[in-house]
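Enquirer: Okay, here's the structure, questions in a sec.
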Amino acid sequence: MQEKTYCYKKIHRVYYYETDKMGRVYHSNYLNWMEEARTEFLRSREMNYKDMENIGIFLPISDISLKFIKPVEYDEEIAILVYLKEISRIKITFFYEFYNEKLDIKYGEATSTNLFTGEDGKLKRVSPDLIEKIKGG
């Protein structure tokens with residue numbers, strides 16, 4: 001597991017509609033799981049996307065990287081661990097790990113970077129207070 005100071009763990013059971021003909025999770029579902037875990041990470045910090053949008057801050061994705069290690073199959077319960085990897089006044093990067101429920105089989109890992117923008121899509125520098133809130137300070 002990645003050594004980070006704070007981790008949010010989201011448990012997810014794999015449904016049939018998330019699999020392909022081979023009974024394995026179709027790769028695009030990882031993106032949905034990452035968004036769910038990232039959203040819950042922020043919620044655990046008493047911040048959410050809606051709150052940020054209400055103050056004019058949006059978080060579009062600028063970069064995503066996924067590494068698949070082992071396939072996930074139908075009806076497995078997985079743990080999605082999400083860590084705050086880096087944050088600045090213009091972007092935030094998360095690191096994710098995908099495990100079985102016992103955390104002894106690693107299925108994959110990923111990173112995503114979101115930019116802080118205004119509603120117009122232009123970069124927007126956020127306050128140091130917001131950064132500290134997301135960090136948990």
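By order of appearance in the structure tokens: chains A, B, ..., then residues from 1 within every chain, and ligands from 1 in the order shown.
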Set out as a Markdown table a contact list for region 1-36 of chain A and region 97-109 of chain A with a cut-off of 10 Å, giving each residue of region 1-36 of chain A that qualifies its closest atom pair and distance in Å to one decimal, counting only C-alpha atoms, ordered by chain and rising residue number.

Expert:
```
| residue | atom | partner | partner_atom | distance |
| --- | --- | --- | --- | --- |
| A:Met1 | CA | A:Glu97 | CA | 7.3 |
| A:Gln2 | CA | A:Glu97 | CA | 7.9 |
| A:Lys9 | CA | A:Glu97 | CA | 9.5 |
| A:Lys10 | CA | A:Phe98 | CA | 9.8 |
| A:Ile11 | CA | A:Glu101 | CA | 7.5 |
| A:His12 | CA | A:Glu101 | CA | 9.0 |
| A:Arg13 | CA | A:Glu101 | CA | 9.5 |
| A:Tyr30 | CA | A:Phe98 | CA | 9.1 |
| A:Trp33 | CA | A:Phe98 | CA | 9.6 |
| A:Met34 | CA | A:Glu97 | CA | 9.5 |
```

Enquirer: Looking only at the backbone, which of the residues in chain A does DSSP tag as strand (DSSP E), as an mmCIF file with C-alpha atoms, in the first residue's frame?

Expert:
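Listing of out.cif after writing:
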```
data_model
loop_
_atom_site.group_PDB
_atom_site.id
_atom_site.type_symbol
_atom_site.label_atom_id
_atom_site.label_comp_id
_atom_site.auth_asym_id
_atom_site.auth_seq_id
_atom_site.Cartn_x
_atom_site.Cartn_y
_atom_site.Cartn_z
ATOM 1 C CA CYS A 7 -6.456 7.500 3.292
ATOM 2 C CA TYR A 8 -10.164 7.094 2.641
ATOM 3 C CA LYS A 9 -11.401 3.548 2.052
ATOM 4 C CA LYS A 10 -14.515 2.901 -0.026
ATOM 5 C CA ILE A 11 -15.962 -0.595 -0.263
ATOM 6 C CA HIS A 12 -17.711 -1.599 -3.484
ATOM 7 C CA ARG A 13 -19.332 -4.850 -4.610
ATOM 8 C CA ILE A 61 -10.034 16.197 -14.567
ATOM 9 C CA SER A 62 -6.837 17.063 -16.413
ATOM 10 C CA ASP A 63 -5.013 13.732 -16.198
ATOM 11 C CA ILE A 64 -5.755 10.086 -15.339
ATOM 12 C CA SER A 65 -3.437 7.100 -15.234
ATOM 13 C CA LEU A 66 -4.478 3.494 -14.512
ATOM 14 C CA LYS A 67 -2.351 0.397 -14.024
ATOM 15 C CA PHE A 68 -4.136 -2.960 -14.042
ATOM 16 C CA GLU A 77 -16.121 -6.938 -2.855
ATOM 17 C CA ILE A 78 -13.255 -4.531 -3.399
ATOM 18 C CA ALA A 79 -11.651 -1.799 -1.337
ATOM 19 C CA ILE A 80 -10.765 1.419 -3.127
ATOM 20 C CA LEU A 81 -8.170 3.366 -1.178
ATOM 21 C CA VAL A 82 -7.720 7.006 -2.102
ATOM 22 C CA TYR A 83 -4.932 9.272 -0.877
ATOM 23 C CA LEU A 84 -4.269 12.967 -1.300
ATOM 24 C CA LYS A 85 -0.990 12.866 -3.186
ATOM 25 C CA GLU A 86 -0.451 16.567 -3.893
ATOM 26 C CA ILE A 87 -2.364 19.823 -3.643
ATOM 27 C CA LYS A 91 -4.578 21.545 -8.798
ATOM 28 C CA ILE A 92 -5.109 18.458 -6.688
ATOM 29 C CA THR A 93 -3.734 14.972 -7.353
ATOM 30 C CA PHE A 94 -5.098 11.750 -5.875
ATOM 31 C CA PHE A 95 -3.564 8.278 -5.739
ATOM 32 C CA TYR A 96 -5.790 5.188 -5.700
ATOM 33 C CA GLU A 97 -5.235 1.534 -4.919
ATOM 34 C CA PHE A 98 -7.710 -1.244 -5.680
ATOM 35 C CA TYR A 99 -7.660 -4.297 -3.393
ATOM 36 C CA ASN A 100 -9.799 -7.189 -2.333
ATOM 37 C CA LYS A 106 -3.904 -5.759 -5.224
ATOM 38 C CA TYR A 107 -5.897 -5.336 -8.444
ATOM 39 C CA GLY A 108 -4.487 -2.051 -9.638
ATOM 40 C CA GLU A 109 -3.519 1.524 -8.935
ATOM 41 C CA ALA A 110 -4.221 4.909 -10.437
ATOM 42 C CA THR A 111 -3.693 8.636 -10.206
ATOM 43 C CA SER A 112 -5.936 11.512 -11.186
ATOM 44 C CA THR A 113 -5.311 15.229 -11.290
ATOM 45 C CA ASN A 114 -8.093 17.794 -11.084
ATOM 46 C CA LEU A 115 -7.664 21.471 -11.807
#
```

Enquirer: Hey, which of A:Thr39, A:Met22, A:Ser28, A:Tyr74 ends up closest to Asp51 (chain A)? Count only C-alpha atoms.

Expert: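 The answer is A:Thr39, which sits nearest to Asp51 (chain A).
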
Enquirer: As an exercise, work out the distance from CA of Tyr15 (chain A) to CA of Asn48 (chain A) in Å and give it to one decimal place.

Expert: 26.0 Å

Enquirer: Give me the residues within 10 Å of Tyr17 (chain A) as a list in words, counting only C-alpha atoms and dropping any in the same chain fewer than 2 places off.

Expert: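 The neighbour list is Val14, Tyr15, Thr19, Asp20, Gly23, Val25, Tyr26, Asn29 and Tyr74 of chain A.
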
Enquirer: How about saving the chosen residues, N, CA and C atoms kept, as a PDB file, in the first residue's frame?

Expert:
```
ATOM      1  N   VAL A  14     -18.857  -5.594  -6.864  1.00  0.00           N
ATOM      2  CA  VAL A  14     -18.918  -5.565  -8.318  1.00  0.00           C
ATOM      3  C   VAL A  14     -20.232  -6.187  -8.787  1.00  0.00           C
ATOM      4  N   TYR A  15     -20.986  -5.413  -9.551  1.00  0.00           N
ATOM      5  CA  TYR A  15     -22.259  -5.864 -10.102  1.00  0.00           C
ATOM      6  C   TYR A  15     -22.068  -6.421 -11.510  1.00  0.00           C
ATOM      7  N   THR A  19     -19.339  -5.803 -15.631  1.00  0.00           N
ATOM      8  CA  THR A  19     -18.407  -6.784 -16.196  1.00  0.00           C
ATOM      9  C   THR A  19     -18.580  -6.929 -17.705  1.00  0.00           C
ATOM     10  N   ASP A  20     -17.580  -7.535 -18.300  1.00  0.00           N
ATOM     11  CA  ASP A  20     -17.631  -7.813 -19.735  1.00  0.00           C
ATOM     12  C   ASP A  20     -18.040  -9.270 -19.956  1.00  0.00           C
ATOM     13  N   GLY A  23     -16.735 -11.901 -17.662  1.00  0.00           N
ATOM     14  CA  GLY A  23     -17.051 -11.833 -16.243  1.00  0.00           C
ATOM     15  C   GLY A  23     -16.097 -10.980 -15.437  1.00  0.00           C
ATOM     16  N   VAL A  25     -14.342  -7.092 -14.649  1.00  0.00           N
ATOM     17  CA  VAL A  25     -14.744  -5.689 -14.660  1.00  0.00           C
ATOM     18  C   VAL A  25     -14.229  -5.010 -15.918  1.00  0.00           C
ATOM     19  N   TYR A  26     -15.139  -4.337 -16.617  1.00  0.00           N
ATOM     20  CA  TYR A  26     -14.770  -3.558 -17.799  1.00  0.00           C
ATOM     21  C   TYR A  26     -13.974  -2.341 -17.332  1.00  0.00           C
ATOM     22  N   ASN A  29     -15.077   1.189 -15.769  1.00  0.00           N
ATOM     23  CA  ASN A  29     -15.698   1.277 -14.447  1.00  0.00           C
ATOM     24  C   ASN A  29     -14.738   1.787 -13.390  1.00  0.00           C
ATOM     25  N   TYR A  74     -16.928 -10.451 -11.259  1.00  0.00           N
ATOM     26  CA  TYR A  74     -18.290 -10.242 -10.783  1.00  0.00           C
ATOM     27  C   TYR A  74     -18.460 -10.707  -9.332  1.00  0.00           C
TER      28      TYR A  74
END
```

Enquirer: Could you find all residues in chain A that DSSP calls alpha helix (DSSP H) from the backbone, and write them as a PyMOL selection string?

Expert: chain A and resi 29-44+49-54+128-135

Enquirer: Find the spatial neighbours of region 129-133 of chain A, counting only C-alpha atoms, within a cut-off of 8 Å - ignore same-chain residues fewer than 5 positions away - and output them as a ChimeraX atom specification.

Expert: /A:45-47,87-89

Enquirer: Given the selection you just returned, output its residues as a file containing N, CA and C atoms, formatted as a PDB file, in the first residue's frame.

Expert:
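Full text of out-v1.pdb as output:
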```pdb
ATOM      1  N   ARG A  45     -13.719  15.110   4.570  1.00  0.00           N
ATOM      2  CA  ARG A  45     -13.042  16.347   4.991  1.00  0.00           C
ATOM      3  C   ARG A  45     -14.031  17.504   5.153  1.00  0.00           C
ATOM      4  N   GLU A  46     -15.313  17.149   5.201  1.00  0.00           N
ATOM      5  CA  GLU A  46     -16.401  18.127   5.321  1.00  0.00           C
ATOM      6  C   GLU A  46     -16.415  19.126   4.171  1.00  0.00           C
ATOM      7  N   MET A  47     -16.120  18.593   2.980  1.00  0.00           N
ATOM      8  CA  MET A  47     -16.133  19.380   1.752  1.00  0.00           C
ATOM      9  C   MET A  47     -16.696  18.475   0.669  1.00  0.00           C
ATOM     10  N   ILE A  87      -1.380  18.751  -3.462  1.00  0.00           N
ATOM     11  CA  ILE A  87      -2.364  19.823  -3.643  1.00  0.00           C
ATOM     12  C   ILE A  87      -1.626  21.151  -3.704  1.00  0.00           C
ATOM     13  N   SER A  88      -2.078  22.007  -4.604  1.00  0.00           N
ATOM     14  CA  SER A  88      -1.556  23.366  -4.711  1.00  0.00           C
ATOM     15  C   SER A  88      -2.752  24.298  -4.896  1.00  0.00           C
ATOM     16  N   ARG A  89      -2.490  25.542  -5.140  1.00  0.00           N
ATOM     17  CA  ARG A  89      -3.597  26.492  -5.302  1.00  0.00           C
ATOM     18  C   ARG A  89      -4.316  26.330  -6.633  1.00  0.00           C
TER      19      ARG A  89
END
```

Enquirer: Please provide the set of residues having any atom within 10 Å of Leu123 (chain A), restricted to only C-alpha atoms, with same-chain residues fewer than 2 positions apart removed, written as a list in words.

Expert: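 Contacts, in chain order: Ile57, Phe58, Leu59, Arg89, Ile90, Lys91, Leu115, Phe116, Thr117, Gly118, Glu119, Asp120, Gly121, Arg125 and Val126 of chain A.
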
Enquirer: Write out, as a PDB file, in the first residue's frame, the residues just selected, with C-alpha atoms.

Expert:
```pdb
ATOM      1  CA  ILE A  57     -14.866  26.387  -7.804  1.00  0.00           C
ATOM      2  CA  PHE A  58     -15.018  23.485 -10.246  1.00  0.00           C
ATOM      3  CA  LEU A  59     -12.742  20.429 -10.464  1.00  0.00           C
ATOM      4  CA  ARG A  89      -3.597  26.492  -5.302  1.00  0.00           C
ATOM      5  CA  ILE A  90      -4.424  25.362  -8.865  1.00  0.00           C
ATOM      6  CA  LYS A  91      -4.578  21.545  -8.798  1.00  0.00           C
ATOM      7  CA  LEU A 115      -7.664  21.471 -11.807  1.00  0.00           C
ATOM      8  CA  PHE A 116      -9.344  24.188  -9.772  1.00  0.00           C
ATOM      9  CA  THR A 117     -11.286  26.344 -12.231  1.00  0.00           C
ATOM     10  CA  GLY A 118     -14.091  28.849 -12.291  1.00  0.00           C
ATOM     11  CA  GLU A 119     -17.385  28.083 -14.010  1.00  0.00           C
ATOM     12  CA  ASP A 120     -15.844  29.495 -17.196  1.00  0.00           C
ATOM     13  CA  GLY A 121     -13.209  26.727 -17.171  1.00  0.00           C
ATOM     14  CA  ARG A 125      -6.325  29.892  -7.519  1.00  0.00           C
ATOM     15  CA  VAL A 126      -7.996  28.634  -4.365  1.00  0.00           C
TER      16      VAL A 126
END
```
